[in-house]
$ cat data_25.cif   # mmCIF, C-alpha atoms
data_input
#
loop_
_atom_site.group_PDB
_atom_site.id
_atom_site.type_symbol
_atom_site.label_atom_id
_atom_site.label_comp_id
_atom_site.auth_asym_id
_atom_site.auth_seq_id
_atom_site.Cartn_x
_atom_site.Cartn_y
_atom_site.Cartn_z
ATOM 1 C CA MET A 159 -28.181 -16.522 7.774
ATOM 2 C CA PRO A 160 -24.510 -16.001 8.600
ATOM 3 C CA GLY A 161 -23.453 -15.876 12.210
ATOM 4 C CA GLN A 162 -22.646 -12.673 14.034
ATOM 5 C CA ASP A 163 -19.113 -11.266 14.146
ATOM 6 C CA TYR A 164 -17.612 -10.639 17.583
ATOM 7 C CA GLU A 165 -14.802 -8.422 18.853
ATOM 8 C CA VAL A 166 -12.598 -8.880 21.904
ATOM 9 C CA ALA A 167 -9.853 -6.696 23.381
ATOM 10 C CA VAL A 168 -6.507 -8.469 23.700
ATOM 11 C CA PRO A 169 -3.803 -6.626 25.687
ATOM 12 C CA ILE A 170 -0.247 -7.924 25.173
ATOM 13 C CA THR A 171 3.219 -6.893 26.318
ATOM 14 C CA LEU A 172 5.865 -5.405 24.049
ATOM 15 C CA GLU A 173 7.920 -8.555 24.527
ATOM 16 C CA GLN A 174 4.987 -10.617 23.224
ATOM 17 C CA ALA A 175 4.564 -8.225 20.302
ATOM 18 C CA TYR A 176 8.266 -8.562 19.487
ATOM 19 C CA SER A 177 8.360 -12.379 19.496
ATOM 20 C CA GLY A 178 4.734 -13.293 18.797
ATOM 21 C CA THR A 179 2.607 -15.125 21.312
ATOM 22 C CA GLU A 180 -0.360 -17.389 21.872
ATOM 23 C CA VAL A 181 -3.233 -16.219 24.073
ATOM 24 C CA ASN A 182 -6.058 -18.132 25.711
ATOM 25 C CA LEU A 183 -9.466 -16.585 25.101
ATOM 26 C CA ASP A 184 -12.398 -17.312 27.396
ATOM 27 C CA LEU A 185 -15.599 -15.978 25.875
ATOM 28 C CA ASN A 186 -19.305 -16.165 26.551
ATOM 29 C CA VAL A 187 -20.999 -16.015 23.177
ATOM 30 C CA PRO A 188 -24.700 -16.172 22.310
ATOM 31 C CA ALA A 189 -25.763 -19.385 20.579
ATOM 32 C CA TYR A 190 -29.062 -21.109 19.752
ATOM 33 C CA ASP A 191 -29.849 -24.369 21.490
ATOM 34 C CA ALA A 192 -31.805 -27.305 20.009
ATOM 35 C CA ARG A 193 -35.121 -25.573 20.744
ATOM 36 C CA GLY A 194 -34.046 -22.387 19.012
ATOM 37 C CA HIS A 195 -33.572 -20.438 22.223
ATOM 38 C CA LEU A 196 -30.687 -17.965 22.442
ATOM 39 C CA ARG A 197 -28.311 -18.663 25.317
ATOM 40 C CA ARG A 198 -24.848 -17.615 26.452
ATOM 41 C CA VAL A 199 -22.361 -20.416 25.867
ATOM 42 C CA PRO A 200 -18.786 -20.432 27.223
ATOM 43 C CA GLN A 201 -16.187 -20.839 24.515
ATOM 44 C CA THR A 202 -12.453 -21.284 25.082
ATOM 45 C CA PHE A 203 -9.768 -21.467 22.435
ATOM 46 C CA LYS A 204 -6.237 -20.341 21.699
ATOM 47 C CA ALA A 205 -5.327 -17.580 19.272
ATOM 48 C CA ARG A 206 -1.938 -16.916 17.729
ATOM 49 C CA ILE A 207 -0.741 -13.295 17.746
ATOM 50 C CA PRO A 208 1.945 -12.842 15.075
ATOM 51 C CA LYS A 209 5.157 -11.042 15.942
ATOM 52 C CA GLY A 210 5.103 -7.354 15.200
ATOM 53 C CA ALA A 211 1.524 -6.773 16.360
ATOM 54 C CA THR A 212 0.963 -3.069 17.044
ATOM 55 C CA GLU A 213 -1.349 -0.868 19.079
ATOM 56 C CA GLY A 214 -4.826 -0.749 17.547
ATOM 57 C CA GLN A 215 -4.242 -3.626 15.137
ATOM 58 C CA ARG A 216 -7.322 -5.724 14.349
ATOM 59 C CA LEU A 217 -6.777 -9.432 13.720
ATOM 60 C CA ARG A 218 -9.471 -11.620 12.152
ATOM 61 C CA ILE A 219 -10.059 -15.247 13.117
ATOM 62 C CA ALA A 220 -12.459 -16.766 10.615
ATOM 63 C CA GLY A 221 -15.319 -18.927 11.826
ATOM 64 C CA LYS A 222 -14.890 -18.199 15.536
ATOM 65 C CA GLY A 223 -17.824 -15.826 15.848
ATOM 66 C CA GLY A 224 -21.509 -16.652 16.250
ATOM 67 C CA GLN A 225 -22.950 -19.784 14.686
ATOM 68 C CA GLY A 226 -24.918 -19.465 11.460
ATOM 69 C CA ILE A 227 -28.636 -20.151 11.170
ATOM 70 C CA ASN A 228 -30.103 -22.766 8.795
ATOM 71 C CA GLY A 229 -26.721 -23.708 7.382
ATOM 72 C CA GLY A 230 -25.308 -20.199 7.246
ATOM 73 C CA ARG A 231 -21.597 -19.737 7.744
ATOM 74 C CA ALA A 232 -20.201 -18.974 11.182
ATOM 75 C CA GLY A 233 -19.266 -15.407 11.974
ATOM 76 C CA ASP A 234 -15.724 -14.173 12.562
ATOM 77 C CA LEU A 235 -13.909 -13.112 15.701
ATOM 78 C CA TYR A 236 -11.849 -9.922 15.652
ATOM 79 C CA LEU A 237 -9.017 -9.384 18.120
ATOM 80 C CA ASN A 238 -8.359 -5.725 18.947
ATOM 81 C CA ILE A 239 -4.718 -5.541 20.008
ATOM 82 C CA SER A 240 -3.498 -3.112 22.655
ATOM 83 C CA LEU A 241 0.015 -2.850 24.072
ATOM 84 C CA ARG A 242 0.512 -2.778 27.810
ATOM 85 C CA PRO A 243 2.596 0.133 29.162
ATOM 86 C CA HIS A 244 6.293 -0.730 29.399
ATOM 87 C CA ALA A 245 8.811 0.442 31.986
ATOM 88 C CA LEU A 246 11.393 1.423 29.340
ATOM 89 C CA TYR A 247 9.871 1.694 25.870
ATOM 90 C CA ARG A 248 7.150 3.672 24.143
ATOM 91 C CA ALA A 249 5.793 2.331 20.869
ATOM 92 C CA ASN A 250 4.734 4.315 17.818
ATOM 93 C CA GLY A 251 3.749 1.855 15.123
ATOM 94 C CA HIS A 252 6.767 -0.421 14.718
ATOM 95 C CA ASP A 253 9.234 2.135 16.112
ATOM 96 C CA LEU A 254 10.235 2.195 19.766
ATOM 97 C CA TYR A 255 11.402 5.120 21.899
ATOM 98 C CA LEU A 256 13.638 4.885 24.948
ATOM 99 C CA ASP A 257 14.850 7.605 27.330
ATOM 100 C CA LEU A 258 18.669 7.414 27.484
ATOM 101 C CA PRO A 259 20.219 8.972 30.615
ATOM 102 C CA LEU A 260 23.699 10.415 30.056
ATOM 103 C CA ALA A 261 26.122 12.024 32.459
ATOM 104 C CA PRO A 262 27.158 15.575 31.428
ATOM 105 C CA TRP A 263 30.687 14.443 30.520
ATOM 106 C CA GLU A 264 29.336 11.599 28.370
ATOM 107 C CA ALA A 265 27.279 14.099 26.392
ATOM 108 C CA VAL A 266 30.185 16.549 26.029
ATOM 109 C CA LEU A 267 33.011 14.121 25.307
ATOM 110 C CA GLY A 268 31.067 11.314 23.635
ATOM 111 C CA ALA A 269 30.828 7.770 24.898
ATOM 112 C CA SER A 270 29.983 4.190 24.059
ATOM 113 C CA VAL A 271 27.068 3.069 26.225
ATOM 114 C CA GLU A 272 25.073 -0.132 26.537
ATOM 115 C CA VAL A 273 21.427 0.219 25.552
ATOM 116 C CA PRO A 274 18.749 -2.425 26.258
ATOM 117 C CA THR A 275 16.615 -3.546 23.313
ATOM 118 C CA LEU A 276 13.891 -6.181 23.027
ATOM 119 C CA GLY A 277 16.416 -8.355 21.164
ATOM 120 C CA GLY A 278 19.202 -7.928 23.724
ATOM 121 C CA ALA A 279 21.613 -5.216 24.832
ATOM 122 C CA VAL A 280 23.674 -3.382 22.174
ATOM 123 C CA ARG A 281 26.419 -0.739 22.228
ATOM 124 C CA LEU A 282 25.491 2.752 21.094
ATOM 125 C CA LYS A 283 28.053 5.370 20.138
ATOM 126 C CA VAL A 284 27.192 8.776 21.570
ATOM 127 C CA PRO A 285 28.894 11.500 19.498
ATOM 128 C CA PRO A 286 30.680 14.392 21.268
ATOM 129 C CA GLY A 287 28.500 17.420 21.898
ATOM 130 C CA THR A 288 25.247 15.472 22.153
ATOM 131 C CA ALA A 289 22.397 17.677 23.421
ATOM 132 C CA ALA A 290 19.486 16.878 25.698
ATOM 133 C CA GLY A 291 16.447 15.788 23.700
ATOM 134 C CA GLN A 292 18.535 14.597 20.752
ATOM 135 C CA ARG A 293 17.371 11.354 19.109
ATOM 136 C CA LEU A 294 19.968 8.657 18.514
ATOM 137 C CA ARG A 295 18.735 6.000 16.083
ATOM 138 C CA LEU A 296 19.379 2.295 16.394
ATOM 139 C CA PRO A 297 18.154 0.868 13.060
ATOM 140 C CA LYS A 298 16.139 -2.349 12.990
ATOM 141 C CA ARG A 299 15.837 -2.549 16.781
ATOM 142 C CA GLY A 300 12.111 -1.877 16.918
ATOM 143 C CA LEU A 301 9.159 -4.213 16.387
ATOM 144 C CA PRO A 302 9.164 -6.611 13.404
ATOM 145 C CA ARG A 303 7.009 -5.772 10.387
ATOM 146 C CA PRO A 304 4.902 -8.380 8.558
ATOM 147 C CA ARG A 305 7.123 -8.261 5.455
ATOM 148 C CA GLY A 306 10.280 -9.179 7.336
ATOM 149 C CA THR A 307 11.761 -5.759 8.093
ATOM 150 C CA GLU A 308 11.953 -4.117 11.497
ATOM 151 C CA GLY A 309 11.166 -0.746 12.931
ATOM 152 C CA ASP A 310 13.828 1.401 14.589
ATOM 153 C CA LEU A 311 14.658 2.187 18.196
ATOM 154 C CA TYR A 312 15.205 5.836 19.054
ATOM 155 C CA ALA A 313 17.164 6.718 22.202
ATOM 156 C CA ILE A 314 16.081 10.141 23.493
ATOM 157 C CA VAL A 315 18.964 11.767 25.344
ATOM 158 C CA GLN A 316 18.368 12.904 28.921
ATOM 159 C CA ILE A 317 21.218 14.739 30.670
ATOM 160 C CA VAL A 318 21.357 13.583 34.295
ATOM 161 C CA VAL A 319 23.172 15.676 36.921
ATOM 162 C CA PRO A 320 24.560 13.844 39.970
ATOM 163 C CA ALA A 321 22.586 14.615 43.124
ATOM 164 C CA THR A 322 25.725 14.573 45.273
ATOM 165 C CA VAL A 323 29.407 14.930 44.390
ATOM 166 C CA ALA A 324 32.600 14.151 46.265
ATOM 167 C CA ASP A 325 35.017 16.925 47.209
ATOM 168 C CA GLN A 326 37.354 16.060 44.335
ATOM 169 C CA GLU A 327 34.483 16.090 41.853
ATOM 170 C CA SER A 328 33.277 19.432 43.220
ATOM 171 C CA ALA A 329 36.777 20.883 42.797
ATOM 172 C CA LEU A 330 36.869 19.738 39.161
ATOM 173 C CA PHE A 331 33.494 21.324 38.454
ATOM 174 C CA LYS A 332 34.672 24.582 40.053
ATOM 175 C CA GLN A 333 37.792 24.488 37.903
ATOM 176 C CA LEU A 334 35.633 23.962 34.807
ATOM 177 C CA ALA A 335 33.359 26.851 35.797
ATOM 178 C CA ALA A 336 36.367 29.122 36.212
ATOM 179 C CA THR A 337 38.006 28.255 32.882
ATOM 180 C CA SER A 338 35.072 27.607 30.537
ATOM 181 C CA LYS A 339 33.834 30.408 28.255
ATOM 182 C CA PHE A 340 30.608 28.551 27.485
ATOM 183 C CA ASN A 341 27.458 30.588 28.163
ATOM 184 C CA PRO A 342 24.236 28.584 27.845
ATOM 185 C CA ARG A 343 22.217 31.827 28.150
ATOM 186 C CA SER A 344 23.978 33.787 25.437
ATOM 187 C CA HIS A 345 20.693 34.099 23.548
ATOM 188 C CA PHE A 346 19.346 36.174 26.471
ATOM 189 C CA SER A 347 21.801 39.009 25.698
ATOM 190 C CA PRO A 348 19.596 41.029 23.283
ATOM 191 C CA VAL A 349 16.692 40.882 25.737
ATOM 192 C CA GLN A 350 18.916 41.982 28.617
ATOM 193 C CA SER A 351 20.332 44.856 26.538
ATOM 194 C CA ALA A 352 16.808 46.076 25.754
ATOM 195 C CA VAL A 353 15.881 46.047 29.458
ATOM 196 C CA ASP A 354 19.086 47.878 30.421
ATOM 197 C CA SER A 355 18.401 50.606 27.842
ATOM 198 C CA GLY A 356 14.825 51.120 28.970
ATOM 199 C CA GLY A 357 13.314 49.283 26.018
ATOM 200 C CA GLY A 358 11.577 46.656 28.140
ATOM 201 C CA GLU A 359 8.094 46.752 29.611
ATOM 202 C CA PRO A 360 7.725 48.659 32.919
#
$ encode --input "data_25.cif" --output "structure tokens"
Amino acid sequence: MPGQDYEVAVPITLEQAYSGTEVNLDLNVPAYDARGHLRRVPQTFKARIPKGATEGQRLRIAGKGGQGINGGRAGDLYLNISLRPHALYRANGHDLYLDLPLAPWEAVLGASVEVPTLGGAVRLKVPPGTAAGQRLRLPKRGLPRPRGTEGDLYAIVQIVVPATVADQESALFKQLAATSKFNPRSHFSPVQSAVDSGGGEP
């Protein structure tokens, strides 16, 4: 009879998924002793996780499961990969997502900003008029794929307003408010007109 297959959860970091890693597995597996009694036996060995491993991936290690009976082949061991939460990145398959904070003037005027990736920091060109929530793509900066290509990294724009401003900065913002014709609530106008004319709900 063939041996039983086993499964074990293996959590790894995104950095380990990017470069590949080797993990030490300490298992207690059932095995038959010389008298035919079933006992729990400690088993320790190393397993290689290839680069590009993704959330939910199932890796098979042949012959590392339960021992066979009467000359049967040994079972297999399956590693269920999970990715530990990361402080910067979120993974979706081989693509990565990163929140990119931008100052209001960087979003309006455009900028060249440094963005961290798992392979090292890179420069990203932010086009003028970039909006909050917009996705800026950095190709081939995600997790490697088995066939030699890479996923992408998407920087999700977050507009960050300074909590405090100096007097000179405050004066510049006031000057902008006085001269700018931009109205971010222009789409409210039809609703406001309906309320003013009595067309709204009481």
$ atom_distance --input "data_25.cif" --atom1 "atom CA of Val284 of chain A" --atom2 "atom CA of Ala261 of chain A"
11.4 Å
$ resolve_selection --input "data_25.cif" --expression "the PyMOL selection byres ((chain A and resi 318) around 8)" --output "PyMOL selection string"
chain A and resi 259-262+316-317+319-320
$ resolve_selection --input "data_25.cif" --expression "the PyMOL selection byres ((chain A and resi 198) around 8)" --output "PyMOL selection string"
chain A and resi 186-189+196-197+199-200
$ atom_distance --input "data_25.cif" --atom1 "atom CA of His195 of chain A" --atom2 "atom CA of Gly230 of chain A"
17.1 Å
$ atom_distance --input "data_25.cif" --atom1 "atom CA of Leu267 of chain A" --atom2 "atom CA of Leu254 of chain A"
26.3 Å
$ resolve_selection --input "data_25.cif" --expression "the PyMOL selection byres ((chain A and resi 302) around 9)" --output "short mmCIF file (atom, residue, chain, number, x, y, z; two decimals) with C-alpha atoms, keeping the file's coordinate frame"
data_model
loop_
_atom_site.label_atom_id
_atom_site.label_comp_id
_atom_site.auth_asym_id
_atom_site.auth_seq_id
_atom_site.Cartn_x
_atom_site.Cartn_y
_atom_site.Cartn_z
CA ALA A 175 4.56 -8.22 20.30
CA TYR A 176 8.27 -8.56 19.49
CA SER A 177 8.36 -12.38 19.50
CA LYS A 209 5.16 -11.04 15.94
CA GLY A 210 5.10 -7.35 15.20
CA ALA A 211 1.52 -6.77 16.36
CA HIS A 252 6.77 -0.42 14.72
CA LYS A 298 16.14 -2.35 12.99
CA ARG A 299 15.84 -2.55 16.78
CA GLY A 300 12.11 -1.88 16.92
CA LEU A 301 9.16 -4.21 16.39
CA ARG A 303 7.01 -5.77 10.39
CA PRO A 304 4.90 -8.38 8.56
CA ARG A 305 7.12 -8.26 5.46
CA GLY A 306 10.28 -9.18 7.34
CA THR A 307 11.76 -5.76 8.09
CA GLU A 308 11.95 -4.12 11.50
CA GLY A 309 11.17 -0.75 12.93
#
$ residues_near_point --input "data_25.cif" --point "(-10.3, -8.9, 23.5)" --cutoff "8 Å" --atoms "all atoms listed in the file" --output "VMD selection string"
chain A and resid 165 to 169 183 237 to 239
$ residues_around --input "data_25.cif" --residues "Gly233 of chain A" --least-positions-apart "3" --cutoff "10 Å" --atoms "all atoms listed in the file" --output "ChimeraX atom specification"
/A:159-164,219-226,230,236
$ write_last_selection --input "data_25.cif" --atoms "C-alpha atoms" --output "PDB file, in the coordinates of the input"
ATOM      1  CA  MET A 159     -28.181 -16.522   7.774  1.00  0.00           C
ATOM      2  CA  PRO A 160     -24.510 -16.001   8.600  1.00  0.00           C
ATOM      3  CA  GLY A 161     -23.453 -15.876  12.210  1.00  0.00           C
ATOM      4  CA  GLN A 162     -22.646 -12.673  14.034  1.00  0.00           C
ATOM      5  CA  ASP A 163     -19.113 -11.266  14.146  1.00  0.00           C
ATOM      6  CA  TYR A 164     -17.612 -10.639  17.583  1.00  0.00           C
ATOM      7  CA  ILE A 219     -10.059 -15.247  13.117  1.00  0.00           C
ATOM      8  CA  ALA A 220     -12.459 -16.766  10.615  1.00  0.00           C
ATOM      9  CA  GLY A 221     -15.319 -18.927  11.826  1.00  0.00           C
ATOM     10  CA  LYS A 222     -14.890 -18.199  15.536  1.00  0.00           C
ATOM     11  CA  GLY A 223     -17.824 -15.826  15.848  1.00  0.00           C
ATOM     12  CA  GLY A 224     -21.509 -16.652  16.250  1.00  0.00           C
ATOM     13  CA  GLN A 225     -22.950 -19.784  14.686  1.00  0.00           C
ATOM     14  CA  GLY A 226     -24.918 -19.465  11.460  1.00  0.00           C
ATOM     15  CA  GLY A 230     -25.308 -20.199   7.246  1.00  0.00           C
ATOM     16  CA  TYR A 236     -11.849  -9.922  15.652  1.00  0.00           C
TER      17      TYR A 236
END
$ residues_around --input "data_25.cif" --residues "Leu258 of chain A" --least-positions-apart "6" --cutoff "8 Å" --atoms "all atoms listed in the file" --output "PyMOL selection string"
chain A and resi 273+313-316
$ residues_around --input "data_25.cif" --residues "Leu241 of chain A" --least-positions-apart "2" --cutoff "6 Å" --atoms "all atoms listed in the file" --output "PyMOL selection string"
chain A and resi 169-171+213
$ axis_aligned_box --input "data_25.cif" --around "segment 253-270 of chain A" --padding-each-side "6 Å" --output "lines of an AutoDock Vina configuration file"
center_x = 21.1
center_y = 9.3
center_z = 24.3
size_x = 35.8
size_y = 26.4
size_z = 28.3
$ build_atoms --input "data_25.cif" --residues "segment 255-280 of chain A" --atoms "N, CA, C and O atoms" --output "PDB file, keeping the file's coordinate frame"
ATOM      1  N   TYR A 255      10.693   3.974  21.345  1.00  0.00           N
ATOM      2  CA  TYR A 255      11.402   5.120  21.899  1.00  0.00           C
ATOM      3  C   TYR A 255      11.821   4.803  23.337  1.00  0.00           C
ATOM      4  O   TYR A 255      11.044   4.234  24.107  1.00  0.00           O
ATOM      5  N   LEU A 256      13.051   5.191  23.650  1.00  0.00           N
ATOM      6  CA  LEU A 256      13.638   4.885  24.948  1.00  0.00           C
ATOM      7  C   LEU A 256      14.345   6.131  25.465  1.00  0.00           C
ATOM      8  O   LEU A 256      15.103   6.771  24.723  1.00  0.00           O
ATOM      9  N   ASP A 257      14.105   6.511  26.722  1.00  0.00           N
ATOM     10  CA  ASP A 257      14.850   7.605  27.330  1.00  0.00           C
ATOM     11  C   ASP A 257      16.241   7.104  27.708  1.00  0.00           C
ATOM     12  O   ASP A 257      16.381   6.086  28.395  1.00  0.00           O
ATOM     13  N   LEU A 258      17.281   7.818  27.253  1.00  0.00           N
ATOM     14  CA  LEU A 258      18.669   7.414  27.484  1.00  0.00           C
ATOM     15  C   LEU A 258      19.338   8.412  28.426  1.00  0.00           C
ATOM     16  O   LEU A 258      19.702   9.515  28.010  1.00  0.00           O
ATOM     17  N   PRO A 259      19.540   8.064  29.696  1.00  0.00           N
ATOM     18  CA  PRO A 259      20.219   8.972  30.615  1.00  0.00           C
ATOM     19  C   PRO A 259      21.721   9.011  30.318  1.00  0.00           C
ATOM     20  O   PRO A 259      22.358   7.973  30.159  1.00  0.00           O
ATOM     21  N   LEU A 260      22.265  10.222  30.247  1.00  0.00           N
ATOM     22  CA  LEU A 260      23.699  10.415  30.056  1.00  0.00           C
ATOM     23  C   LEU A 260      24.235  11.369  31.115  1.00  0.00           C
ATOM     24  O   LEU A 260      23.558  12.341  31.495  1.00  0.00           O
ATOM     25  N   ALA A 261      25.431  11.086  31.586  1.00  0.00           N
ATOM     26  CA  ALA A 261      26.122  12.024  32.459  1.00  0.00           C
ATOM     27  C   ALA A 261      26.576  13.214  31.620  1.00  0.00           C
ATOM     28  O   ALA A 261      26.794  13.082  30.403  1.00  0.00           O
ATOM     29  N   PRO A 262      26.744  14.404  32.213  1.00  0.00           N
ATOM     30  CA  PRO A 262      27.158  15.575  31.428  1.00  0.00           C
ATOM     31  C   PRO A 262      28.439  15.341  30.634  1.00  0.00           C
ATOM     32  O   PRO A 262      28.544  15.760  29.478  1.00  0.00           O
ATOM     33  N   TRP A 263      29.423  14.672  31.224  1.00  0.00           N
ATOM     34  CA  TRP A 263      30.687  14.443  30.520  1.00  0.00           C
ATOM     35  C   TRP A 263      30.531  13.454  29.368  1.00  0.00           C
ATOM     36  O   TRP A 263      31.250  13.528  28.378  1.00  0.00           O
ATOM     37  N   GLU A 264      29.591  12.512  29.487  1.00  0.00           N
ATOM     38  CA  GLU A 264      29.336  11.599  28.370  1.00  0.00           C
ATOM     39  C   GLU A 264      28.765  12.354  27.174  1.00  0.00           C
ATOM     40  O   GLU A 264      29.125  12.083  26.017  1.00  0.00           O
ATOM     41  N   ALA A 265      27.876  13.314  27.470  1.00  0.00           N
ATOM     42  CA  ALA A 265      27.279  14.099  26.392  1.00  0.00           C
ATOM     43  C   ALA A 265      28.312  15.022  25.751  1.00  0.00           C
ATOM     44  O   ALA A 265      28.328  15.212  24.529  1.00  0.00           O
ATOM     45  N   VAL A 266      29.200  15.605  26.552  1.00  0.00           N
ATOM     46  CA  VAL A 266      30.185  16.549  26.029  1.00  0.00           C
ATOM     47  C   VAL A 266      31.303  15.833  25.268  1.00  0.00           C
ATOM     48  O   VAL A 266      31.666  16.213  24.148  1.00  0.00           O
ATOM     49  N   LEU A 267      31.838  14.787  25.867  1.00  0.00           N
ATOM     50  CA  LEU A 267      33.011  14.121  25.307  1.00  0.00           C
ATOM     51  C   LEU A 267      32.670  12.991  24.346  1.00  0.00           C
ATOM     52  O   LEU A 267      33.515  12.553  23.568  1.00  0.00           O
ATOM     53  N   GLY A 268      31.429  12.508  24.399  1.00  0.00           N
ATOM     54  CA  GLY A 268      31.067  11.314  23.635  1.00  0.00           C
ATOM     55  C   GLY A 268      31.341  10.075  24.454  1.00  0.00           C
ATOM     56  O   GLY A 268      32.136  10.094  25.407  1.00  0.00           O
ATOM     57  N   ALA A 269      30.679   8.999  24.125  1.00  0.00           N
ATOM     58  CA  ALA A 269      30.828   7.770  24.898  1.00  0.00           C
ATOM     59  C   ALA A 269      30.272   6.602  24.100  1.00  0.00           C
ATOM     60  O   ALA A 269      29.587   6.774  23.090  1.00  0.00           O
ATOM     61  N   SER A 270      30.596   5.413  24.562  1.00  0.00           N
ATOM     62  CA  SER A 270      29.983   4.190  24.059  1.00  0.00           C
ATOM     63  C   SER A 270      29.221   3.575  25.224  1.00  0.00           C
ATOM     64  O   SER A 270      29.823   3.188  26.233  1.00  0.00           O
ATOM     65  N   VAL A 271      27.901   3.515  25.110  1.00  0.00           N
ATOM     66  CA  VAL A 271      27.068   3.069  26.225  1.00  0.00           C
ATOM     67  C   VAL A 271      26.254   1.845  25.806  1.00  0.00           C
ATOM     68  O   VAL A 271      25.966   1.641  24.624  1.00  0.00           O
ATOM     69  N   GLU A 272      25.897   1.055  26.784  1.00  0.00           N
ATOM     70  CA  GLU A 272      25.073  -0.132  26.537  1.00  0.00           C
ATOM     71  C   GLU A 272      23.604   0.258  26.626  1.00  0.00           C
ATOM     72  O   GLU A 272      23.180   0.903  27.591  1.00  0.00           O
ATOM     73  N   VAL A 273      22.847  -0.129  25.624  1.00  0.00           N
ATOM     74  CA  VAL A 273      21.427   0.219  25.552  1.00  0.00           C
ATOM     75  C   VAL A 273      20.606  -1.069  25.485  1.00  0.00           C
ATOM     76  O   VAL A 273      20.886  -1.937  24.648  1.00  0.00           O
ATOM     77  N   PRO A 274      19.593  -1.231  26.346  1.00  0.00           N
ATOM     78  CA  PRO A 274      18.749  -2.425  26.258  1.00  0.00           C
ATOM     79  C   PRO A 274      17.799  -2.340  25.073  1.00  0.00           C
ATOM     80  O   PRO A 274      17.248  -1.272  24.782  1.00  0.00           O
ATOM     81  N   THR A 275      17.620  -3.439  24.367  1.00  0.00           N
ATOM     82  CA  THR A 275      16.615  -3.546  23.313  1.00  0.00           C
ATOM     83  C   THR A 275      15.821  -4.823  23.552  1.00  0.00           C
ATOM     84  O   THR A 275      16.231  -5.677  24.347  1.00  0.00           O
ATOM     85  N   LEU A 276      14.699  -4.978  22.861  1.00  0.00           N
ATOM     86  CA  LEU A 276      13.891  -6.181  23.027  1.00  0.00           C
ATOM     87  C   LEU A 276      14.622  -7.425  22.527  1.00  0.00           C
ATOM     88  O   LEU A 276      14.302  -8.541  22.933  1.00  0.00           O
ATOM     89  N   GLY A 277      15.634  -7.240  21.670  1.00  0.00           N
ATOM     90  CA  GLY A 277      16.416  -8.355  21.164  1.00  0.00           C
ATOM     91  C   GLY A 277      17.719  -8.566  21.899  1.00  0.00           C
ATOM     92  O   GLY A 277      18.518  -9.411  21.499  1.00  0.00           O
ATOM     93  N   GLY A 278      17.961  -7.817  22.975  1.00  0.00           N
ATOM     94  CA  GLY A 278      19.202  -7.928  23.724  1.00  0.00           C
ATOM     95  C   GLY A 278      19.957  -6.611  23.737  1.00  0.00           C
ATOM     96  O   GLY A 278      19.725  -5.728  22.903  1.00  0.00           O
ATOM     97  N   ALA A 279      20.869  -6.458  24.686  1.00  0.00           N
ATOM     98  CA  ALA A 279      21.613  -5.216  24.832  1.00  0.00           C
ATOM     99  C   ALA A 279      22.571  -5.008  23.656  1.00  0.00           C
ATOM    100  O   ALA A 279      23.144  -5.963  23.130  1.00  0.00           O
ATOM    101  N   VAL A 280      22.748  -3.745  23.252  1.00  0.00           N
ATOM    102  CA  VAL A 280      23.674  -3.382  22.174  1.00  0.00           C
ATOM    103  C   VAL A 280      24.472  -2.168  22.626  1.00  0.00           C
ATOM    104  O   VAL A 280      24.095  -1.449  23.561  1.00  0.00           O
TER     105      VAL A 280
END
